[in-house]
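*Asks:* The structure follows.
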Amino acid sequence: MQIESTRFGTIEVRDDAVLEFPNGLPGLMGQKWAFVASSDDSPFFWLHSVEDAATAVPVTSPWLFFSDYEVRVPDDEAKRLDLSSPADAYIVCVVRATENLADFTINLAGPLVINAGSRVGRQILNDVGGYSVRHPLFSEVELNEVDATRSAVPVTAAAG
């Protein structure tokens with residue numbers, strides 16, 4: 001399918017790569033999304049609405065920046081997503097980007113958990129305490145130290 005994007009123009013997204021968030025995402029409209037990369041070597045990509053051309057949020061794999069990051073999905077959330085094993089999930093975190101790279105933050109308290117098989121996701125509250133919604137992204141590594149090829153998240157469309 002083709003989606004229109006105010007950020008990237010027309011993007012081709014495979015029908016079987018569309019993600020569904022049945023309960024939506026806090027503060028955002030729509031239920032259907034796709035992972036879109038603006039470049040192959042960036043650790044960041046976009047969770048782009050399939051339904052709204054103007055809605056896209058930057059996300060990343062938290063382990064690219066925080067090797068000891070832990071996620072514990074509450075049992076009720078795991079059941080809602082039909083997750084029987086951690087290997088069944090893709091986990092990304094929303095990034096708050098600013099003009100100044102040093103001010104970028106990441107939401108480690110509320111990761112997005114997606115069932116890799118069904119492509120159904122939810123934003124959950126991480127049962128591991130101590131994480132914030134605006135954790136400084138570059139508090140442990142510099143951008144040039146991040147190896148984007150280590151990300152296990154399948155980006156399904158390329159921009160431009």
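Chain identifiers are assigned as A, B, and so on, following the order in which chains appear in the structure tokens; residues are numbered from 1 within each chain, and ligands are numbered from 1 in order of appearance.
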Do you know which residues are at most 10 Å from Asn23 of chain A counting only C-alpha atoms, after dropping those on the same chain fewer than 2 positions away, and could you put them as an NGL selection string?
*Replies:* :A and (20-21 or 25-26 or 30-31 or 121-123)
*Asks:* Set the distance at 10 Å and use only C-alpha atoms: which residues neighbour Leu83 of chain A once local chain neighbours fewer than 5 positions away are removed? I'd like the list as an MDAnalysis selection string.
*Replies:* chainID A and resid 73 75 77:78 88:89 113:118
*Asks:* Restricting the calculation to only C-alpha atoms, which member of A:Leu112, A:Leu101, A:Val59, A:Leu81 is positioned closest to Asn144 of chain A?
*Replies:*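 Looking at the shortest contact to Asn144 of chain A, the residue is A:Leu101.
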*Asks:* Could you tell me, as a VMD selection string, which residues of chain A DSSP assigns to strand (DSSP E) when given the backbone?
*Replies:* chain A and resid 2 to 5 9 to 12 19 to 20 32 to 37 44 to 49 56 to 60 89 to 96 105 to 106 112 to 115 121 to 123 135 to 136 157 to 158
*Asks:* I need the residue nearest Leu125 of chain A from this list: A:Val92, A:Ile106, A:Val18, A:Val71. Use only C-alpha atoms for the distance.
*Replies:* A:Val71
*Asks:* Which is closest to Lys32 of chain A among A:Cys93, A:Ala87, A:Ala56, A:Ile11, if we use only C-alpha atoms?
*Replies:* A:Ala56
*Asks:* Would you work out the distance separating atom CA of Ser38 of chain A from atom CA of Ile3 of chain A, expressed in Å to one decimal?
*Replies:*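 That distance, rounded to one decimal, is 14.9 Å.
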